[in-house]
file my_file_36.cif (mmCIF, C-alpha atoms)
data_final
#
loop_
_atom_site.label_atom_id
_atom_site.label_comp_id
_atom_site.auth_asym_id
_atom_site.auth_seq_id
_atom_site.Cartn_x
_atom_site.Cartn_y
_atom_site.Cartn_z
CA MET N 203 113.44 109.89 123.47
CA ALA N 204 111.07 112.59 122.35
CA ALA N 205 108.11 113.13 124.66
CA THR N 206 105.64 113.61 121.80
CA PRO N 207 103.99 110.33 120.67
CA LEU N 208 105.15 109.19 117.25
CA SER N 209 103.29 106.81 114.97
CA TYR N 210 103.47 105.90 111.29
CA TYR N 211 99.98 107.21 110.54
CA PRO N 212 99.28 109.91 113.15
CA PRO N 213 95.79 109.86 114.72
CA GLU N 214 93.75 112.90 113.73
CA ASP N 215 93.61 114.30 117.25
CA GLN N 216 97.37 114.00 117.69
CA LEU N 217 98.05 115.57 114.31
CA ALA N 218 95.57 118.37 114.99
CA ALA N 219 97.28 119.17 118.28
CA ARG N 220 100.69 119.13 116.68
CA ILE N 221 99.56 121.37 113.84
CA LYS N 222 97.97 123.82 116.25
CA SER N 223 101.38 124.16 117.87
CA PHE N 224 102.99 124.28 114.43
CA GLU N 225 100.74 127.09 113.22
CA SER N 226 101.36 129.10 116.39
CA ASN N 227 105.03 129.16 115.36
CA ALA N 228 106.24 127.15 118.34
CA SER N 229 109.96 126.77 117.82
CA PHE N 230 111.94 123.56 117.90
CA ALA N 231 115.11 125.30 116.80
CA ALA N 232 117.03 124.18 119.90
CA GLU N 233 117.15 120.63 118.59
CA ARG N 234 118.38 121.58 115.13
CA ASP N 235 121.97 121.57 114.04
CA ALA N 236 122.87 125.26 114.26
CA SER N 237 125.79 124.81 111.88
CA ASN N 238 123.39 124.56 108.94
CA GLU N 239 122.03 127.73 107.40
CA ASN N 240 118.70 128.45 105.76
CA ALA N 241 120.51 130.65 103.28
CA ARG N 242 121.27 127.68 101.06
CA LEU N 243 117.55 126.96 100.60
CA PRO N 244 115.67 128.76 97.83
CA ARG N 245 112.93 131.10 99.03
CA PHE N 246 110.32 130.03 96.48
CA LEU N 247 109.93 127.39 93.76
CA GLU N 248 108.37 128.90 90.67
CA SER N 249 107.16 125.83 88.80
CA PRO N 250 104.01 124.14 87.44
CA LEU N 251 105.00 121.32 89.81
CA ALA N 252 103.86 123.55 92.71
CA TRP N 253 100.07 123.38 92.99
CA THR N 254 97.26 123.38 95.53
CA ARG N 255 94.12 121.27 95.48
CA GLU N 256 92.26 124.26 94.06
CA ASP N 257 94.87 124.78 91.34
CA ILE N 258 94.80 121.21 90.11
CA GLY N 259 91.10 120.50 90.57
CA GLY N 260 90.08 122.03 87.27
CA GLU N 261 93.08 120.63 85.41
CA LEU N 262 92.87 116.92 86.17
CA SER N 263 91.73 116.18 82.62
CA GLN N 264 95.11 117.51 81.43
CA CYS N 265 96.76 114.82 83.56
CA VAL N 266 94.96 111.97 81.79
CA LEU N 267 95.83 110.23 78.53
CA LYS N 268 92.81 108.26 77.28
CA LEU N 269 93.79 105.46 74.95
CA SER N 270 91.57 104.95 71.92
CA GLU N 271 90.61 101.52 70.61
CA THR N 272 93.16 102.08 67.84
CA ASP N 273 95.83 102.87 70.43
CA ILE N 274 95.01 99.70 72.38
CA THR N 275 95.17 97.58 69.23
CA SER N 276 98.59 99.09 68.44
CA LEU N 277 99.81 98.25 71.95
CA GLU N 278 98.53 94.68 71.67
CA ASN N 279 100.20 94.23 68.27
CA ALA N 280 103.49 95.59 69.61
CA ALA N 281 103.29 93.21 72.58
CA LYS N 282 102.60 90.25 70.31
CA ASN N 283 105.64 91.20 68.25
CA ILE N 284 107.78 91.11 71.41
CA GLU N 285 106.38 87.66 72.24
CA ASP N 286 106.80 86.32 68.71
CA GLN N 287 110.45 87.40 68.60
CA SER N 288 111.14 86.18 72.16
CA ILE N 289 112.62 89.57 73.05
CA PRO N 290 113.70 89.63 76.72
CA LEU N 291 111.77 92.03 78.92
CA SER N 292 114.91 93.99 79.76
CA SER N 293 115.50 94.53 76.04
CA ILE N 294 112.12 96.12 75.31
CA SER N 295 112.76 99.54 73.81
CA THR N 296 111.18 102.19 71.63
CA GLU N 297 112.91 100.54 68.66
CA ASN N 298 111.28 97.11 69.07
CA PHE N 299 108.04 98.06 70.83
CA VAL N 300 106.89 99.86 67.71
CA LEU N 301 103.96 102.28 67.97
CA PRO N 302 102.30 104.73 65.57
CA GLN N 303 103.85 108.20 65.60
CA GLN N 304 100.83 109.87 67.19
CA LEU N 305 100.77 107.46 70.13
CA LYS N 306 104.54 107.76 70.53
CA GLU N 307 104.21 111.53 70.74
CA SER N 308 101.38 111.26 73.25
CA LEU N 309 103.53 109.07 75.51
CA ARG N 310 106.46 111.48 75.21
CA LYS N 311 104.12 114.21 76.45
CA VAL N 312 103.47 112.03 79.51
CA SER N 313 107.18 112.29 80.30
CA ASP N 314 107.11 116.06 79.80
CA GLN N 315 104.07 116.40 82.07
CA CYS N 316 105.78 114.36 84.79
CA TYR N 317 109.04 116.32 84.73
CA TYR N 318 107.94 119.84 83.89
CA GLY N 319 104.15 119.99 84.07
CA ARG N 320 101.91 119.07 86.98
CA GLY N 321 104.04 116.05 87.84
CA PHE N 322 101.76 113.11 87.05
CA THR N 323 99.68 111.51 84.31
CA VAL N 324 97.28 108.55 84.25
CA VAL N 325 97.07 106.45 81.10
CA GLN N 326 93.50 105.14 80.90
CA GLY N 327 91.74 102.55 78.79
CA LEU N 328 93.41 99.16 79.19
CA ASP N 329 91.44 96.11 80.32
CA SER N 330 93.96 94.26 82.47
CA ALA N 331 91.61 91.27 82.91
CA LYS N 332 91.83 90.67 79.16
CA TYR N 333 95.51 89.73 79.25
CA SER N 334 97.72 87.01 80.67
CA PRO N 335 100.24 88.00 83.37
CA GLU N 336 102.97 87.94 80.73
CA ARG N 337 101.02 90.11 78.29
CA ASN N 338 100.15 92.63 81.01
CA VAL N 339 103.84 93.02 81.88
CA ILE N 340 104.89 93.37 78.23
CA ILE N 341 102.27 96.05 77.51
CA TYR N 342 103.18 97.86 80.74
CA ALA N 343 106.90 97.73 79.92
CA GLY N 344 106.24 98.85 76.35
CA ILE N 345 104.25 101.89 77.42
CA ALA N 346 106.86 102.70 80.08
CA THR N 347 109.77 102.58 77.64
CA HIS N 348 108.15 105.34 75.58
CA VAL N 349 107.67 107.48 78.72
CA ALA N 350 110.86 106.87 80.70
CA PRO N 351 113.05 104.08 79.33
CA GLN N 352 115.44 103.41 82.21
CA HIS N 353 114.43 100.96 84.94
CA GLY N 354 115.48 101.17 88.58
CA PHE N 355 116.01 98.37 91.07
CA LEU N 356 113.24 98.05 93.64
CA ASP N 357 114.81 95.52 96.00
CA LYS N 358 117.63 95.91 98.50
CA ASN N 359 119.72 93.30 96.67
CA ARG N 360 119.50 95.36 93.46
CA HIS N 361 118.19 92.81 90.97
CA LYS N 362 114.41 93.15 90.67
CA VAL N 363 112.83 95.86 88.51
CA LEU N 364 109.14 94.89 88.79
CA CYS N 365 107.23 94.87 92.08
CA HIS N 366 103.79 93.50 92.99
CA VAL N 367 101.94 95.63 95.55
CA VAL N 368 99.36 93.46 97.31
CA ASN N 369 97.82 93.07 100.76
CA ALA N 370 100.32 90.37 101.69
CA ALA N 371 99.43 90.68 105.38
CA SER N 372 96.01 89.17 104.66
CA GLU N 373 97.61 85.88 103.62
CA ALA N 374 100.10 85.72 106.48
CA SER N 375 99.96 84.52 110.08
CA SER N 376 99.45 87.18 112.75
CA ALA N 377 103.15 87.15 113.61
CA GLU N 378 104.18 87.41 109.95
CA ALA N 379 101.56 90.07 109.20
CA ALA N 380 102.98 92.28 111.94
CA GLN N 381 106.31 92.27 110.08
CA LYS N 382 104.90 93.49 106.77
CA SER N 383 105.69 97.03 105.67
CA PRO N 384 102.76 99.50 105.42
CA GLY N 385 102.41 99.17 101.65
CA PHE N 386 101.66 95.45 101.92
CA THR N 387 98.72 95.77 104.29
CA ASP N 388 95.18 97.06 103.86
CA GLY N 389 95.81 100.09 106.06
CA PRO N 390 96.26 103.72 105.05
CA LEU N 391 99.63 105.00 103.86
CA ALA N 392 100.99 108.33 105.05
CA PHE N 393 102.32 110.70 102.41
CA HIS N 394 105.72 109.54 101.21
CA THR N 395 108.01 109.12 98.23
CA ASP N 396 109.47 105.86 96.93
CA ASN N 397 112.89 107.47 96.41
CA CYS N 398 112.99 107.14 92.64
CA GLU N 399 112.63 109.48 89.66
CA ILE N 400 109.36 108.41 88.02
CA LEU N 401 107.12 106.09 90.03
CA SER N 402 104.77 104.06 87.86
CA LEU N 403 101.82 101.97 89.06
CA TYR N 404 99.63 99.68 86.93
CA ALA N 405 96.30 98.73 88.54
CA LEU N 406 95.75 95.10 87.60
CA ASP N 407 92.85 95.13 90.07
CA VAL N 408 91.48 97.45 92.72
CA ALA N 409 89.91 97.05 96.17
CA THR N 410 86.20 96.56 96.74
CA THR N 411 86.10 99.73 98.83
CA GLY N 412 88.82 102.28 99.58
CA GLY N 413 92.41 101.91 98.45
CA GLN N 414 92.33 105.31 96.75
CA THR N 415 95.72 106.74 95.83
CA PHE N 416 96.22 110.45 96.52
CA VAL N 417 98.88 112.76 95.10
CA SER N 418 100.09 116.09 96.45
CA SER N 419 102.78 118.56 95.41
CA SER N 420 106.06 118.50 97.35
CA TYR N 421 106.95 121.78 95.66
CA GLN N 422 103.83 123.39 97.14
CA LEU N 423 104.83 121.94 100.51
CA PHE N 424 108.23 123.62 100.13
CA ASN N 425 106.69 126.98 99.23
CA GLU N 426 104.24 126.96 102.13
CA LEU N 427 106.96 126.02 104.62
CA ALA N 428 109.35 128.59 103.18
CA GLN N 429 106.77 131.29 103.86
CA THR N 430 105.61 130.15 107.32
CA ARG N 431 108.17 127.85 108.94
CA PRO N 432 111.53 127.87 107.11
CA GLU N 433 113.19 126.12 110.05
CA VAL N 434 111.11 123.02 109.21
CA LEU N 435 112.70 122.99 105.76
CA GLN N 436 116.05 123.20 107.50
CA THR N 437 115.17 120.19 109.62
CA LEU N 438 114.11 118.23 106.54
CA SER N 439 117.38 119.11 104.80
CA ASP N 440 119.47 118.00 107.79
CA TYR N 441 120.77 114.43 107.89
CA TRP N 442 118.38 111.86 109.38
CA VAL N 443 119.27 108.36 110.58
CA LEU N 444 116.83 106.00 108.83
CA ASP N 445 116.21 102.46 110.04
CA THR N 446 116.20 99.74 107.37
CA PHE N 447 114.52 97.15 109.63
CA LYS N 448 116.95 94.65 108.08
CA ASP N 449 120.11 92.83 109.11
CA TYR N 450 122.53 95.70 109.75
CA SER N 451 125.49 93.58 108.63
CA GLN N 452 124.02 93.70 105.11
CA PHE N 453 121.72 96.72 105.19
CA PRO N 454 122.90 99.19 107.82
CA PRO N 455 120.92 102.32 108.74
CA VAL N 456 120.98 105.06 106.11
CA THR N 457 121.95 108.63 106.94
CA ARG N 458 120.64 111.23 104.50
CA PRO N 459 118.35 114.26 104.22
CA MET N 460 114.62 114.03 103.50
CA LEU N 461 114.94 117.23 101.43
CA HIS N 462 117.81 117.59 98.96
CA VAL N 463 119.01 120.87 97.48
CA ALA N 464 121.11 121.02 94.30
CA ASP N 465 123.74 123.69 93.68
CA THR N 466 121.37 125.07 91.04
CA GLY N 467 118.76 125.74 93.73
CA ASP N 468 116.56 122.87 92.52
CA VAL N 469 115.11 120.65 95.24
CA MET N 470 113.78 117.12 95.56
CA PHE N 471 112.30 115.04 98.37
CA THR N 472 113.06 111.46 99.43
CA TYR N 473 110.66 111.24 102.33
CA SER N 474 108.88 108.72 104.54
CA ARG N 475 107.76 108.50 108.17
CA PHE N 476 108.29 104.73 108.15
CA PRO N 477 112.06 104.58 108.90
CA MET N 478 111.57 106.99 111.80
CA ALA N 479 108.23 105.89 113.27
CA GLY N 480 108.24 102.19 112.47
CA PHE N 481 105.06 100.23 111.82
CA LYS N 482 103.44 97.49 113.90
CA GLY N 483 106.09 94.78 114.41
CA LYS N 484 108.77 96.82 112.66
CA GLN N 485 109.85 99.23 115.38
CA ARG N 486 112.80 101.59 115.21
CA ASN N 487 115.96 100.16 116.74
CA PRO N 488 116.48 101.83 120.16
CA THR N 489 120.24 101.94 119.56
CA LEU N 490 119.71 104.50 116.78
CA ALA N 491 119.59 108.23 117.39
CA PRO N 492 116.24 109.05 119.02
CA VAL N 493 113.66 110.90 116.96
CA ASN N 494 113.64 114.46 118.24
CA GLU N 495 110.88 117.02 118.60
CA ALA N 496 111.99 119.00 115.56
CA GLN N 497 111.79 115.88 113.39
CA ILE N 498 108.35 114.91 114.69
CA ALA N 499 107.10 118.45 114.08
CA ALA N 500 108.53 118.37 110.55
CA MET N 501 106.93 115.01 109.73
CA ASP N 502 103.54 116.10 111.05
CA ALA N 503 103.77 119.36 109.09
CA VAL N 504 104.47 117.36 105.94
CA GLN N 505 101.48 115.06 106.54
CA TYR N 506 99.18 118.00 107.27
CA ILE N 507 100.14 120.18 104.30
CA MET N 508 100.25 117.30 101.83
CA ALA N 509 96.81 116.09 102.92
CA LYS N 510 95.41 119.62 102.69
CA ASN N 511 96.46 119.92 99.03
CA ALA N 512 95.91 116.31 97.95
CA VAL N 513 93.71 115.12 95.11
CA PRO N 514 92.63 111.54 94.36
CA LEU N 515 94.46 110.02 91.44
CA PRO N 516 91.93 109.69 88.60
CA TRP N 517 92.44 106.00 87.97
CA LYS N 518 90.67 102.66 88.09
CA LYS N 519 91.32 99.04 87.17
CA GLY N 520 93.50 98.82 84.06
CA ASP N 521 94.98 102.31 84.38
CA ILE N 522 98.67 103.19 84.63
CA ALA N 523 99.96 106.13 86.66
CA PHE N 524 103.26 107.93 86.10
CA ILE N 525 104.30 110.19 88.99
CA ASN N 526 107.34 112.45 89.44
CA ASP N 527 108.45 110.98 92.76
CA MET N 528 110.95 113.80 93.32
CA ALA N 529 108.28 116.53 93.34
CA ILE N 530 105.04 114.70 94.14
CA MET N 531 104.23 112.61 97.21
CA HIS N 532 101.51 109.98 97.32
CA ALA N 533 99.37 108.34 99.98
CA ARG N 534 96.64 105.71 100.16
CA SER N 535 93.40 105.23 102.04
CA GLY N 536 92.69 101.98 103.85
CA PHE N 537 90.66 99.41 101.95
CA THR N 538 88.64 96.21 102.05
CA GLU N 539 88.74 93.27 99.68
CA ASN N 540 85.77 91.18 98.66
CA GLY N 541 86.15 88.02 100.69
CA HIS N 542 89.68 87.17 99.59
CA GLY N 543 93.12 88.65 99.93
CA LEU N 544 95.38 89.91 97.17
CA GLN N 545 92.44 91.41 95.25
CA ARG N 546 93.97 94.87 95.05
CA HIS N 547 97.01 94.23 92.87
CA LEU N 548 99.37 96.85 91.46
CA LEU N 549 102.51 96.46 89.39
CA LYS N 550 105.24 98.98 90.14
CA PHE N 551 108.24 100.34 88.22
CA TYR N 552 110.91 102.84 89.19
CA LEU N 553 111.65 104.68 85.95
CA ARG N 554 113.93 107.41 84.70
CA ASP N 555 114.07 109.44 81.49
CA PRO N 556 117.70 110.51 80.94
CA ALA N 557 116.60 112.78 78.09
CA GLN N 558 114.88 115.07 80.60
CA ASN N 559 118.25 115.71 82.29
CA TRP N 560 116.82 116.31 85.77
CA LYS N 561 119.50 117.60 88.13
CA ILE N 562 120.09 115.21 91.04
CA PRO N 563 121.52 116.88 94.17
CA VAL N 564 124.81 115.53 95.48
CA SER N 565 123.16 114.26 98.68
CA ALA N 566 120.86 111.99 96.63
CA GLN N 567 123.35 110.75 94.04
CA LYS N 568 124.43 107.69 96.03
CA GLN N 569 120.83 106.51 96.25
CA TRP N 570 120.29 107.20 92.55
CA GLU N 571 123.39 105.19 91.63
CA LYS N 572 122.08 102.25 93.68
CA THR N 573 118.70 102.47 92.00
CA TYR N 574 119.66 103.18 88.40
CA GLY N 575 123.32 102.22 88.16
CA PRO N 576 124.97 98.90 87.24
CA ASN N 577 124.86 95.86 89.49
CA MET N 578 127.48 93.75 87.69
CA PRO N 579 131.28 93.91 88.07
CA ASP N 580 131.65 94.65 84.36
CA GLY N 581 129.40 97.70 84.64
CA GLY N 582 126.36 95.95 83.19
CA ARG N 583 122.93 95.30 84.65
CA ASP N 584 121.35 91.94 85.44
CA GLU N 585 117.61 92.55 85.84
CA GLU N 586 115.03 90.17 87.30
CA TRP N 587 111.38 90.55 86.32
CA CYS N 588 108.82 88.99 88.68
CA ILE N 589 105.93 88.26 86.32
CA ARG N 590 103.73 86.81 89.05
CA TYR N 591 103.43 87.58 92.72
CA GLU N 592 104.97 84.97 95.00
CA VAL N 593 104.47 84.88 98.77
CA GLY N 594 107.32 86.67 100.54
CA GLN N 595 108.44 88.79 97.58
CA GLU N 596 107.44 91.91 99.48
CA ASP N 597 110.12 91.27 102.10
CA ASP N 598 112.79 92.11 99.50
CA TRP N 599 111.47 95.50 98.45
CA ASN N 600 113.37 98.64 99.33
CA SER N 601 110.66 101.23 99.99
CA ASN N 602 107.13 100.28 101.04
CA GLY N 603 105.40 103.32 102.47
#

call {"tool": "encode", "arguments": {"input": "my_file_36.cif", "output": "structure tokens"}}
result
Amino acid sequence: MAATPLSYYPPEDQLAARIKSFESNASFAAERDASNENARLPRFLESPLAWTREDIGGELSQCVLKLSETDITSLENAAKNIEDQSIPLSSISTENFVLPQQLKESLRKVSDQCYYGRGFTVVQGLDSAKYSPERNVIIYAGIATHVAPQHGFLDKNRHKVLCHVVNAASEASSAEAAQKSPGFTDGPLAFHTDNCEILSLYALDVATTGGQTFVSSSYQLFNELAQTRPEVLQTLSDYWVLDTFKDYSQFPPVTRPMLHVADTGDVMFTYSRFPMAGFKGKQRNPTLAPVNEAQIAAMDAVQYIMAKNAVPLPWKKGDIAFINDMAIMHARSGFTENGHGLQRHLLKFYLRDPAQNWKIPVSAQKQWEKTYGPNMPDGGRDEEWCIRYEVGQEDDWNSNG
């Protein structure tokens, strides 16, 4: 086992010490697989998706779509039409969730911004408290279908396409709370991806204090590491053994890179500390390959660089975020709720826009097929939409911090 302490959310003093070693170019090359070569990694990613905090600070307004009262009325009318015709949620499309041309074009630009711009956009202006749970989901699905129409499965059993992100630990016994994944507590989340194409979050309600979501460019992370510590990129592109914290007879450990490189030279990240470090009662199985020094150094470098370049997502209650999960990581600050649990309540989609034709590296294609492919023997998809949160739902979800 590695001598360096490893935790899901590294204490500041530990991270500072690790980064001091990192910046002094201390080498962990001895623990890397020497058969892999840095030559297959691009030297620099020239893209608007690569940005620092300073770069993006003056451009945040370009990453916001403010809905007008006319836009909101159009969305409400389109949702009512879905309800009146009893159209199933999985059948909502741009053809039946009909919007004015200008609003349609604005939502298409959200997709463009996510894939080829700065990597994220927040749609502002909805009043989530105004709507029933059903109406909130229909409006959310309608907006999403104009941005990225394909839904991904969020659960390990590959049926559910809508997730509720709540502080489930607050409603559980101490023993049960210790088994909750990081995303379903009130604690901070380290920078991570959800392992999808477009991550979307709808803030039905927010915390009393804290609970801020931060975004940071994975492409900028790549560029900084390529210039200063390319061997860390090599470590991230090696194969890691990831714990599922589930019954191995059904959900065995996953072996894959954290950094994927396509034959075109394009890259994408599917990254989290959680499967390596564990969290509270979910501790990494000691029968798995031990986490080595090179991996710990890589994870701490990721956390440090992502935090250095992070900006708070400009959103509040009623807003919807769309984030390119392949090129942008996100994190969350800890939070408090006003005297009751489950106050902070987000809806989550995994989306994909096939029209953008994003190249998926071979090493990530199996995961993408599980997320976006069929789940029926005949090649079809049977989707389950959880309109309301029910206790224990969070135990099914695939990626939670």

call {"tool": "resolve_selection", "arguments": {"input": "my_file_36.cif", "expression": "the PyMOL selection byres ((chain N and resi 365-370) around 9)", "output": "PDB file with C-alpha atoms, in the coordinates of the input"}}
result
ATOM      1  CA  LEU N 356     113.240  98.050  93.640  1.00  0.00           C
ATOM      2  CA  ASP N 357     114.810  95.520  96.000  1.00  0.00           C
ATOM      3  CA  LYS N 362     114.410  93.150  90.670  1.00  0.00           C
ATOM      4  CA  VAL N 363     112.830  95.860  88.510  1.00  0.00           C
ATOM      5  CA  LEU N 364     109.140  94.890  88.790  1.00  0.00           C
ATOM      6  CA  ALA N 371      99.430  90.680 105.380  1.00  0.00           C
ATOM      7  CA  SER N 372      96.010  89.170 104.660  1.00  0.00           C
ATOM      8  CA  GLU N 373      97.610  85.880 103.620  1.00  0.00           C
ATOM      9  CA  ALA N 374     100.100  85.720 106.480  1.00  0.00           C
ATOM     10  CA  ALA N 379     101.560  90.070 109.200  1.00  0.00           C
ATOM     11  CA  LYS N 382     104.900  93.490 106.770  1.00  0.00           C
ATOM     12  CA  GLY N 385     102.410  99.170 101.650  1.00  0.00           C
ATOM     13  CA  PHE N 386     101.660  95.450 101.920  1.00  0.00           C
ATOM     14  CA  THR N 387      98.720  95.770 104.290  1.00  0.00           C
ATOM     15  CA  ASP N 388      95.180  97.060 103.860  1.00  0.00           C
ATOM     16  CA  GLY N 543      93.120  88.650  99.930  1.00  0.00           C
ATOM     17  CA  LEU N 544      95.380  89.910  97.170  1.00  0.00           C
ATOM     18  CA  GLN N 545      92.440  91.410  95.250  1.00  0.00           C
ATOM     19  CA  ARG N 546      93.970  94.870  95.050  1.00  0.00           C
ATOM     20  CA  HIS N 547      97.010  94.230  92.870  1.00  0.00           C
ATOM     21  CA  LEU N 548      99.370  96.850  91.460  1.00  0.00           C
ATOM     22  CA  LEU N 549     102.510  96.460  89.390  1.00  0.00           C
ATOM     23  CA  LYS N 550     105.240  98.980  90.140  1.00  0.00           C
ATOM     24  CA  PHE N 551     108.240 100.340  88.220  1.00  0.00           C
ATOM     25  CA  TRP N 587     111.380  90.550  86.320  1.00  0.00           C
ATOM     26  CA  CYS N 588     108.820  88.990  88.680  1.00  0.00           C
ATOM     27  CA  ILE N 589     105.930  88.260  86.320  1.00  0.00           C
ATOM     28  CA  ARG N 590     103.730  86.810  89.050  1.00  0.00           C
ATOM     29  CA  TYR N 591     103.430  87.580  92.720  1.00  0.00           C
ATOM     30  CA  GLU N 592     104.970  84.970  95.000  1.00  0.00           C
ATOM     31  CA  VAL N 593     104.470  84.880  98.770  1.00  0.00           C
ATOM     32  CA  GLY N 594     107.320  86.670 100.540  1.00  0.00           C
ATOM     33  CA  GLN N 595     108.440  88.790  97.580  1.00  0.00           C
ATOM     34  CA  GLU N 596     107.440  91.910  99.480  1.00  0.00           C
ATOM     35  CA  TRP N 599     111.470  95.500  98.450  1.00  0.00           C
ATOM     36  CA  ASN N 602     107.130 100.280 101.040  1.00  0.00           C
TER      37      ASN N 602
END

call {"tool": "resolve_selection", "arguments": {"input": "my_file_36.cif", "expression": "the PyMOL selection byres ((chain N and resi 525-533) around 7)", "output": "number ranges by chain"}}
result
N: 251, 316-317, 321-323, 391-402, 415-421, 470-472, 523-524, 534

call {"tool": "resolve_selection", "arguments": {"input": "my_file_36.cif", "expression": "the PyMOL selection byres ((chain N and resi 501) around 12)", "output": "count of residues only"}}
result
42

call {"tool": "atom_distance", "arguments": {"input": "my_file_36.cif", "atom1": "atom CA of N:Pro290", "atom2": "atom CA of N:Val339"}}
result
11.6 Å

call {"tool": "residues_around", "arguments": {"input": "my_file_36.cif", "residues": "N:His462", "least_positions_apart": "4", "cutoff": "10 Å", "atoms": "all atoms listed in the file", "output": "PyMOL selection string"}}
result
chain N and resi 243+438-441+458+467-472+528+562-566

call {"tool": "atom_distance", "arguments": {"input": "my_file_36.cif", "atom1": "atom CA of N:Tyr333", "atom2": "atom CA of N:Ala405"}}
result
13.0 Å

call {"tool": "closest_residue", "arguments": {"input": "my_file_36.cif", "among": "N:Gly260, N:Gly520, N:Pro384, N:Gly536", "to": "N:Asn338", "atoms": "all atoms listed in the file"}}
result
N:Gly520

call {"tool": "residues_around", "arguments": {"input": "my_file_36.cif", "residues": "stretch 244-247 of chain N", "least_positions_apart": "3", "cutoff": "10 Å", "atoms": "all atoms listed in the file", "output": "PyMOL selection string"}}
result
chain N and resi 240-241+250-252+421-422+424-429+432+463+466-469

call {"tool": "atom_distance", "arguments": {"input": "my_file_36.cif", "atom1": "atom CA of N:Ser375", "atom2": "atom CA of N:Gly412"}}
result
23.4 Å

call {"tool": "residues_around", "arguments": {"input": "my_file_36.cif", "residues": "N:Val456", "least_positions_apart": "3", "cutoff": "9 Å", "atoms": "all atoms listed in the file", "output": "list of chain:residue names"}}
result
N:Trp442, N:Val443, N:Leu444, N:Asp445, N:Thr446, N:Phe453

call {"tool": "closest_residue", "arguments": {"input": "my_file_36.cif", "among": "N:Gln287, N:Gly259, N:Pro390, N:Cys265", "to": "N:Gln315", "atoms": "all atoms listed in the file"}}
result
N:Cys265

call {"tool": "closest_residue", "arguments": {"input": "my_file_36.cif", "among": "N:Pro488, N:Gly327, N:Pro556, N:Gly582", "to": "N:Leu267", "atoms": "only C-alpha atoms"}}
result
N:Gly327

call {"tool": "decode", "arguments": {"input": "my_file_36.cif", "residues": "stretch 340-356 of chain N", "atoms": "C-alpha atoms", "output": "CSV table (one decimal), in the first residue's frame"}}
result
chain,number,residue,atom,x,y,z
N,340,ILE,CA,-41.4,18.1,-18.7
N,341,ILE,CA,-40.0,21.6,-19.1
N,342,TYR,CA,-36.5,20.3,-18.2
N,343,ALA,CA,-36.8,17.4,-20.7
N,344,GLY,CA,-38.1,19.8,-23.4
N,345,ILE,CA,-35.3,22.2,-23.0
N,346,ALA,CA,-32.8,19.4,-23.0
N,347,THR,CA,-34.1,17.8,-26.2
N,348,HIS,CA,-33.3,21.0,-28.0
N,349,VAL,CA,-29.8,21.1,-26.6
N,350,ALA,CA,-28.8,17.4,-26.7
N,351,PRO,CA,-31.6,15.0,-27.5
N,352,GLN,CA,-30.2,11.6,-26.5
N,353,HIS,CA,-30.5,10.5,-22.9
N,354,GLY,CA,-28.0,8.3,-21.0
N,355,PHE,CA,-28.7,5.8,-18.3
N,356,LEU,CA,-27.6,7.0,-14.8
